Amino acid sequence: MAALDELKSGKIQKMTDEELVNHTVNFREYVETATRLKLDRMQAAWNAYLGIVDFSEKAPWQSKNKLPKFSQAVRISKNTMKQSIIKADDFFAFEGITDKSRAVEKDITRGIKRVLEQAKFKEKKFANAVFRGLLENLMIYKTWVEELGDDLPIHPDQDFKFPIEVVSTFDLFIDPTGRRKALVHKIKQDLSDYKRLVNRGVYTKDSLEMVMENFERTEEELRERVRMGVVDAPKPTWRKEVELLEYWGDVDDNMGNTVYRNVTYTVVNGVALARKPIDNPFKHKKAPFVWGPIFEIDGSEHHEGFADHVLELANMINETTNMILDSSLAASVKAYEVDMNYIQNPSSLKSGIYPGKVIQVNGVPPGAQAIREFSLGSVDQSSLQILASLDREFQNATGINEFISGVVGVGDKSATEVRQKSAQSIGFMQAVAEDIEDNSITPLIEMVYSNILQYNPEVLGERVNQLPIEELKFKFNVKGMSKILRQADELGQVFQWVGMLAKTPAGQQINWGEVALLTTRLSGQDAAKLLLQASTESPEVDQGVPNPQMAQEQGKLQILKQMQGG
């Protein structure tokens with residue numbers, strides 16, 4: 001507080017443009033250094049997903065296959081989450097705290113839903129964020145306010161839209177202490193676009209002059225490096241990019257005094273101040289970013305990655321598979337030992353020995369051989385056992401096993417194995433969904449709601465606009481995805497109960513029409529379309545009823561398959 005009082009009195013001088021530029025560049029370098037190990041780990045996850053493997057130390061004859069174990073697990077996890085939120089029509093709800101707010105909670109839920117649809121949240125942005133979260137530890141959204149422009153309005157009085165952008169962890173530099181004092185967002189932009197924003201007054205003309213001078217120096221340095229052979233080729237002359245560093249938060253000087261409190265400004269190419277500091281324009285007074293982990297670790301800002309515990313397993317599976325292939329090749333290829341004393345024309349063997357080849361030999365004494373075949377090796381059966389063990393460990397670590405990956409069917413599996421593995425997958429996916437709802441979707445919806453109230457509350461409807469702001473207090477219920485996954489487990493329990501009861505004399509009393517209606521409701525289907533008529537007649541017991549455990553797990557698996565688009 002003392003520093004603020006001094007600032008108001010004018011005793012502390014505000015920073016110069018150059019000092020603000022240096023402060024921003026230093027903050028970015030500080031965060032990069034503090035999180036280097038995490039960033040390297042994320043890059044390794046990207047390489048594994050893209051199939052980038054270093055085989056430079058392998059001999060030319062060795063196998064160099066790349067198995068998509070890790071990438072397949074990422075895709076299945078992403079698709080499961082995507083399908084679960086798509087199938088959850090009401091994946092969130094506003095629950096009013098006061099009597100007046102309870103009267104309009106459906107209006108606000110409906111209005112926010114339309115805003116999210118306009119931003120393409122469910123159909124595109126959510127899946128993109130999950131994908132990046134699996135590879136980069138964090139799901140990061142940026143949501144702000146823009147003029148509606150040419151977009152179709154969702155309400156006659158809509159003047160603004162509320163975009164949602166997915167941001168890479170590599171581009172958002174977060175205070176690594178967890179105190180969230182400041183952050184920097186890196187944005188790449190073409191120079192031509194930057195010039196247009198300068199002409200519109202978004203960025204200063206002085207910054208453009210400094211950027212152009214910097215480009216001239218950079219291009220001259222590049223030409224010199226090309227002449228020295230350090231760089232293969234420069235970028236095309238028509239393609240020039242600028243790097244914007246958008247700063248949000250407090251700015252302290254070297255003495256630890258706060259010079260700017262909760263401001264935002266922009267630095268371009270690390271050389272100029274493109275936009276001078278202004279107060280945070282949002283009423284929520286936060287930076288317009290929401291980030292949360294898929295796998296949470298208390299006390300960490302970058303938390304735990306999907307790849308942290310499985311990447312080495314995926315690499316070992318890859319290497320073991322290649323080793324087995326090499327052994328199989330060696331075992332299947334024939335090698336020959338040749339006694340040249342018995343060969344009439346030794347040069348004829350330069351091309352090797354192959355089927356149908358004719359070799360002229362001299363007289364070979366009884367018991368001697370001119371050419372002898374021998375084996376180069378055999379496949380070690382223990383290698384196959386190691387591969388199977390590694391694969392099981394990978395499935396246990398990711399929750400992605402053959403029962404939901406589509407690799408094999410489950411008909412030849414025991415009921416116990418089906419129950420254990422499918423329950424593992426459902427539990428894993430449900431836990432992930434709950435963390436995503438709590439850590440990412442809930443704060444995102446809160447921020448979007450706050451921006452709408454500040455800039456364009458008309459989109460929420462007349463009944464909402466008639467209430468004072470202090471009455472619009474809600475708690476947020478975001479449980480749609482986990483609800484869908486929970487239904488899978490409930491459906492399995494129905495199958496189990498019916499399967500057990502149908503094997504007893506009481507099975508004749510089962511109301512099969514009600515069972516059918518219940519199962520269609522739990523699976524999210526329309527009973528009227530699926531059932532031609534509700535029959536209360538029970539089937540003959542001797543027609544055969546599946547094993548109760550198997551029936552339960554088959555029901556769960558069907559839900560998982562539906563959520564994966566299968």
# chains A, B, ... in the order shown; residues from 1 in each chain; ligands from 1
$ residues_around --residues "segment 63-78 of chain A" --least-positions-apart "2" --cutoff "7 Å" --atoms "only C-alpha atoms" --output "PyMOL selection string"
chain A and resi 48-49+51+55+61+80-82+127+130-131+134+314+318+322+325-326+400
$ residues_around --residues "segment 458-469 of chain A" --least-positions-apart "6" --cutoff "8 Å" --atoms "only C-alpha atoms" --output "list in words"
Lys100, Val104, Asp107, Ile108, Arg110, Gly111, Ile112, Ile154, His155, Asp157, Gln158 and Ile452 of chain A
$ residues_around --residues "segment 269-273 of chain A" --least-positions-apart "5" --cutoff "7 Å" --atoms "only C-alpha atoms" --output "VMD selection string"
chain A and resid 17 21 25 207 210 to 211 242 to 244
$ closest_residue --among "A:Thr258, A:Ser351, A:Asn341, A:Ser440" --to "Gln369 of chain A" --atoms "only C-alpha atoms"
A:Asn341
$ select_by_dssp --residues "segment 146-272 of chain A" --states "helix (DSSP H, G or I)" --output "ChimeraX atom specification"
/A:169-171,191-199,205-227
$ select_by_dssp --residues "segment 350-392 of chain A" --states "strand (DSSP E or B)" --output "JSON, numbers by chain"
{"A": [361, 371, 372, 373, 374]}
$ write_last_selection --atoms "all heavy atoms" --output "mmCIF file, in the first residue's frame"
data_model
loop_
_atom_site.group_PDB
_atom_site.id
_atom_site.type_symbol
_atom_site.label_atom_id
_atom_site.label_comp_id
_atom_site.auth_asym_id
_atom_site.auth_seq_id
_atom_site.Cartn_x
_atom_site.Cartn_y
_atom_site.Cartn_z
ATOM 1 N N VAL A 361 30.417 -76.732 -59.623
ATOM 2 C CA VAL A 361 31.417 -77.108 -58.621
ATOM 3 C C VAL A 361 32.384 -78.128 -59.218
ATOM 4 O O VAL A 361 32.080 -78.810 -60.205
ATOM 5 C CB VAL A 361 30.732 -77.700 -57.370
ATOM 6 C CG1 VAL A 361 29.832 -76.664 -56.725
ATOM 7 C CG2 VAL A 361 29.936 -78.940 -57.709
ATOM 8 N N ILE A 371 28.739 -76.163 -50.302
ATOM 9 C CA ILE A 371 27.919 -75.077 -49.724
ATOM 10 C C ILE A 371 27.141 -75.647 -48.542
ATOM 11 O O ILE A 371 26.482 -76.670 -48.663
ATOM 12 C CB ILE A 371 26.943 -74.499 -50.769
ATOM 13 C CG1 ILE A 371 27.714 -73.926 -51.966
ATOM 14 C CG2 ILE A 371 26.058 -73.428 -50.146
ATOM 15 C CD1 ILE A 371 26.831 -73.475 -53.104
ATOM 16 N N ARG A 372 27.232 -74.959 -47.407
ATOM 17 C CA ARG A 372 26.531 -75.409 -46.207
ATOM 18 C C ARG A 372 25.618 -74.278 -45.698
ATOM 19 O O ARG A 372 26.053 -73.119 -45.614
ATOM 20 C CB ARG A 372 27.520 -75.814 -45.111
ATOM 21 C CG ARG A 372 28.309 -77.071 -45.426
ATOM 22 C CD ARG A 372 29.283 -77.410 -44.325
ATOM 23 N NE ARG A 372 30.335 -76.406 -44.229
ATOM 24 C CZ ARG A 372 31.436 -76.410 -44.990
ATOM 25 N NH1 ARG A 372 31.624 -77.387 -45.897
ATOM 26 N NH2 ARG A 372 32.349 -75.471 -44.865
ATOM 27 N N GLU A 373 24.388 -74.613 -45.388
ATOM 28 C CA GLU A 373 23.413 -73.639 -44.864
ATOM 29 C C GLU A 373 23.473 -73.625 -43.341
ATOM 30 O O GLU A 373 23.600 -74.663 -42.708
ATOM 31 C CB GLU A 373 22.007 -74.024 -45.340
ATOM 32 C CG GLU A 373 20.906 -73.105 -44.802
ATOM 33 C CD GLU A 373 19.525 -73.603 -45.179
ATOM 34 O OE1 GLU A 373 19.358 -74.138 -46.291
ATOM 35 O OE2 GLU A 373 18.602 -73.471 -44.333
ATOM 36 N N PHE A 374 23.361 -72.412 -42.761
ATOM 37 C CA PHE A 374 23.283 -72.332 -41.300
ATOM 38 C C PHE A 374 22.367 -71.162 -40.911
ATOM 39 O O PHE A 374 22.122 -70.244 -41.697
ATOM 40 C CB PHE A 374 24.675 -72.179 -40.660
ATOM 41 C CG PHE A 374 25.371 -70.895 -41.005
ATOM 42 C CD1 PHE A 374 25.252 -69.783 -40.189
ATOM 43 C CD2 PHE A 374 26.161 -70.803 -42.146
ATOM 44 C CE1 PHE A 374 25.904 -68.597 -40.501
ATOM 45 C CE2 PHE A 374 26.820 -69.624 -42.467
ATOM 46 C CZ PHE A 374 26.693 -68.510 -41.639
#
$ residues_around --residues "segment 186-192 of chain A" --least-positions-apart "2" --cutoff "9 Å" --atoms "only C-alpha atoms" --output "MDAnalysis selection string"
chainID A and resid 170:173 184 194:197 239:246
$ closest_residue --among "A:Phe27, A:Asn79, A:Ala331, A:Pro60" --to "Lys181 of chain A" --atoms "only C-alpha atoms"
A:Phe27
$ atom_distance --atom1 "atom CA of Thr204 of chain A" --atom2 "atom CA of Ala274 of chain A"
5.5 Å
$ residues_around --residues "Glu32 of chain A" --least-positions-apart "4" --cutoff "10 Å" --atoms "only C-alpha atoms" --output "number ranges by chain"
A: 26-28, 36-39, 170, 173-174, 176
$ write_last_selection --atoms "N, CA and C atoms" --output "short mmCIF file (atom, residue, chain, number, x, y, z; two decimals), in the first residue's frame"
data_model
loop_
_atom_site.label_atom_id
_atom_site.label_comp_id
_atom_site.auth_asym_id
_atom_site.auth_seq_id
_atom_site.Cartn_x
_atom_site.Cartn_y
_atom_site.Cartn_z
N ASN A 26 12.32 -9.74 -20.17
CA ASN A 26 12.93 -10.45 -19.04
C ASN A 26 11.94 -11.39 -18.36
N PHE A 27 10.68 -10.98 -18.27
CA PHE A 27 9.66 -11.85 -17.66
C PHE A 27 9.50 -13.11 -18.49
N ARG A 28 9.44 -12.96 -19.80
CA ARG A 28 9.30 -14.14 -20.67
C ARG A 28 10.51 -15.07 -20.51
N ARG A 36 11.72 -24.87 -18.14
CA ARG A 36 12.41 -25.52 -19.25
C ARG A 36 12.19 -27.03 -19.27
N LEU A 37 12.29 -27.68 -18.11
CA LEU A 37 12.12 -29.13 -18.08
C LEU A 37 10.71 -29.52 -18.51
N LYS A 38 9.71 -28.75 -18.06
CA LYS A 38 8.33 -29.02 -18.46
C LYS A 38 8.15 -28.83 -19.96
N LEU A 39 8.71 -27.75 -20.50
CA LEU A 39 8.57 -27.47 -21.93
C LEU A 39 9.25 -28.54 -22.76
N PHE A 170 3.01 -23.32 -24.98
CA PHE A 170 4.27 -22.75 -25.42
C PHE A 170 4.15 -21.24 -25.65
N PHE A 173 3.06 -17.47 -21.07
CA PHE A 173 4.10 -17.48 -20.05
C PHE A 173 3.47 -17.06 -18.72
N ILE A 174 3.23 -18.06 -17.86
CA ILE A 174 2.51 -17.88 -16.61
C ILE A 174 3.50 -17.74 -15.46
N PRO A 176 5.45 -18.63 -12.69
CA PRO A 176 5.69 -20.00 -12.21
C PRO A 176 5.55 -20.16 -10.70
#
$ atom_distance --atom1 "atom CA of Gly256 of chain A" --atom2 "atom CA of Glu29 of chain A"
18.7 Å
$ closest_residue --among "A:His303, A:Lys357, A:Arg261, A:Lys122" --to "Thr35 of chain A" --atoms "only C-alpha atoms"
A:His303
$ residues_around --residues "segment 140-147 of chain A" --least-positions-apart "2" --cutoff "8 Å" --atoms "only C-alpha atoms" --output "VMD selection string"
chain A and resid 129 133 138 149 159 to 169 288 to 292 440 444 447 to 448 451 455
$ decode --residues "segment 283-297 of chain A" --atoms "all heavy atoms" --output "short mmCIF file (atom, residue, chain, number, x, y, z; two decimals), in the first residue's frame"
data_model
loop_
_atom_site.label_atom_id
_atom_site.label_comp_id
_atom_site.auth_asym_id
_atom_site.auth_seq_id
_atom_site.Cartn_x
_atom_site.Cartn_y
_atom_site.Cartn_z
N LYS A 283 -14.34 -6.08 -15.98
CA LYS A 283 -14.83 -5.93 -14.62
C LYS A 283 -14.37 -7.07 -13.72
O LYS A 283 -14.23 -6.90 -12.50
CB LYS A 283 -16.36 -5.85 -14.62
CG LYS A 283 -16.89 -4.48 -14.99
CD LYS A 283 -18.38 -4.36 -14.72
CE LYS A 283 -18.85 -2.94 -15.00
NZ LYS A 283 -20.31 -2.78 -14.75
N HIS A 284 -14.14 -8.25 -14.30
CA HIS A 284 -13.65 -9.35 -13.46
C HIS A 284 -12.20 -9.15 -13.05
O HIS A 284 -11.68 -9.87 -12.20
CB HIS A 284 -13.82 -10.70 -14.18
CG HIS A 284 -13.20 -10.76 -15.55
ND1 HIS A 284 -11.85 -10.65 -15.78
CD2 HIS A 284 -13.77 -10.94 -16.76
CE1 HIS A 284 -11.59 -10.78 -17.07
NE2 HIS A 284 -12.74 -10.93 -17.71
N LYS A 285 -11.53 -8.18 -13.69
CA LYS A 285 -10.17 -7.76 -13.33
C LYS A 285 -9.13 -8.89 -13.42
O LYS A 285 -8.13 -8.87 -12.71
CB LYS A 285 -10.15 -7.13 -11.92
CG LYS A 285 -10.85 -5.78 -11.86
CD LYS A 285 -10.26 -4.81 -12.87
CE LYS A 285 -11.01 -3.50 -12.93
NZ LYS A 285 -10.48 -2.61 -13.98
N LYS A 286 -9.41 -9.85 -14.27
CA LYS A 286 -8.44 -10.91 -14.52
C LYS A 286 -7.91 -10.77 -15.94
O LYS A 286 -8.54 -10.14 -16.79
CB LYS A 286 -9.09 -12.29 -14.35
CG LYS A 286 -9.68 -12.55 -12.98
CD LYS A 286 -10.40 -13.89 -12.95
CE LYS A 286 -11.09 -14.14 -11.62
NZ LYS A 286 -11.86 -15.41 -11.62
N ALA A 287 -6.77 -11.38 -16.19
CA ALA A 287 -6.34 -11.51 -17.57
C ALA A 287 -7.35 -12.39 -18.30
O ALA A 287 -7.92 -13.31 -17.70
CB ALA A 287 -4.95 -12.13 -17.64
N PRO A 288 -7.61 -12.14 -19.58
CA PRO A 288 -8.69 -12.86 -20.28
C PRO A 288 -8.32 -14.29 -20.66
O PRO A 288 -8.60 -14.75 -21.76
CB PRO A 288 -8.92 -12.00 -21.53
CG PRO A 288 -7.58 -11.40 -21.80
CD PRO A 288 -6.97 -11.14 -20.45
N PHE A 289 -7.70 -14.99 -19.74
CA PHE A 289 -7.26 -16.36 -19.98
C PHE A 289 -7.79 -17.27 -18.88
O PHE A 289 -7.87 -16.88 -17.71
CB PHE A 289 -5.73 -16.46 -20.01
CG PHE A 289 -5.09 -15.64 -21.09
CD1 PHE A 289 -4.74 -14.32 -20.87
CD2 PHE A 289 -4.84 -16.18 -22.34
CE1 PHE A 289 -4.15 -13.56 -21.85
CE2 PHE A 289 -4.26 -15.43 -23.34
CZ PHE A 289 -3.91 -14.12 -23.10
N VAL A 290 -8.16 -18.47 -19.27
CA VAL A 290 -8.55 -19.52 -18.32
C VAL A 290 -7.70 -20.73 -18.63
O VAL A 290 -7.64 -21.18 -19.78
CB VAL A 290 -10.05 -19.86 -18.47
CG1 VAL A 290 -10.37 -21.12 -17.68
CG2 VAL A 290 -10.92 -18.71 -18.01
N TRP A 291 -7.02 -21.24 -17.64
CA TRP A 291 -6.21 -22.44 -17.86
C TRP A 291 -6.39 -23.40 -16.70
O TRP A 291 -6.57 -23.02 -15.55
CB TRP A 291 -4.74 -22.09 -18.07
CG TRP A 291 -4.03 -21.49 -16.90
CD1 TRP A 291 -3.36 -22.15 -15.91
CD2 TRP A 291 -3.88 -20.09 -16.61
NE1 TRP A 291 -2.81 -21.26 -15.02
CE2 TRP A 291 -3.12 -19.99 -15.43
CE3 TRP A 291 -4.33 -18.92 -17.23
CZ2 TRP A 291 -2.79 -18.75 -14.86
CZ3 TRP A 291 -4.01 -17.70 -16.67
CH2 TRP A 291 -3.25 -17.63 -15.50
N GLY A 292 -6.39 -24.66 -17.05
CA GLY A 292 -6.54 -25.70 -16.05
C GLY A 292 -5.95 -27.00 -16.55
O GLY A 292 -5.88 -27.24 -17.76
N PRO A 293 -5.53 -27.86 -15.65
CA PRO A 293 -4.91 -29.13 -16.04
C PRO A 293 -5.94 -30.21 -16.30
O PRO A 293 -7.07 -30.15 -15.82
CB PRO A 293 -4.05 -29.48 -14.83
CG PRO A 293 -4.86 -28.95 -13.68
CD PRO A 293 -5.51 -27.68 -14.18
N ILE A 294 -5.53 -31.20 -17.06
CA ILE A 294 -6.32 -32.42 -17.18
C ILE A 294 -6.00 -33.35 -16.01
O ILE A 294 -6.87 -34.01 -15.45
CB ILE A 294 -6.05 -33.11 -18.53
CG1 ILE A 294 -6.61 -32.24 -19.66
CG2 ILE A 294 -6.67 -34.50 -18.57
CD1 ILE A 294 -6.45 -32.84 -21.03
N PHE A 295 -4.73 -33.35 -15.60
CA PHE A 295 -4.30 -34.13 -14.44
C PHE A 295 -3.65 -33.16 -13.46
O PHE A 295 -2.58 -32.62 -13.72
CB PHE A 295 -3.31 -35.23 -14.85
CG PHE A 295 -3.85 -36.14 -15.92
CD1 PHE A 295 -3.47 -35.98 -17.24
CD2 PHE A 295 -4.76 -37.14 -15.61
CE1 PHE A 295 -3.97 -36.81 -18.23
CE2 PHE A 295 -5.27 -37.95 -16.60
CZ PHE A 295 -4.88 -37.79 -17.90
N GLU A 296 -4.30 -32.96 -12.35
CA GLU A 296 -3.91 -31.89 -11.42
C GLU A 296 -2.87 -32.36 -10.41
O GLU A 296 -2.96 -33.47 -9.88
CB GLU A 296 -5.15 -31.37 -10.69
CG GLU A 296 -4.91 -30.14 -9.85
CD GLU A 296 -6.20 -29.57 -9.29
OE1 GLU A 296 -7.25 -30.24 -9.40
OE2 GLU A 296 -6.15 -28.46 -8.73
N ILE A 297 -1.89 -31.49 -10.16
CA ILE A 297 -0.92 -31.69 -9.08
C ILE A 297 -0.95 -30.44 -8.21
O ILE A 297 -0.73 -29.33 -8.70
CB ILE A 297 0.51 -31.92 -9.62
CG1 ILE A 297 0.58 -33.22 -10.42
CG2 ILE A 297 1.52 -31.95 -8.48
CD1 ILE A 297 1.97 -33.52 -10.95
#
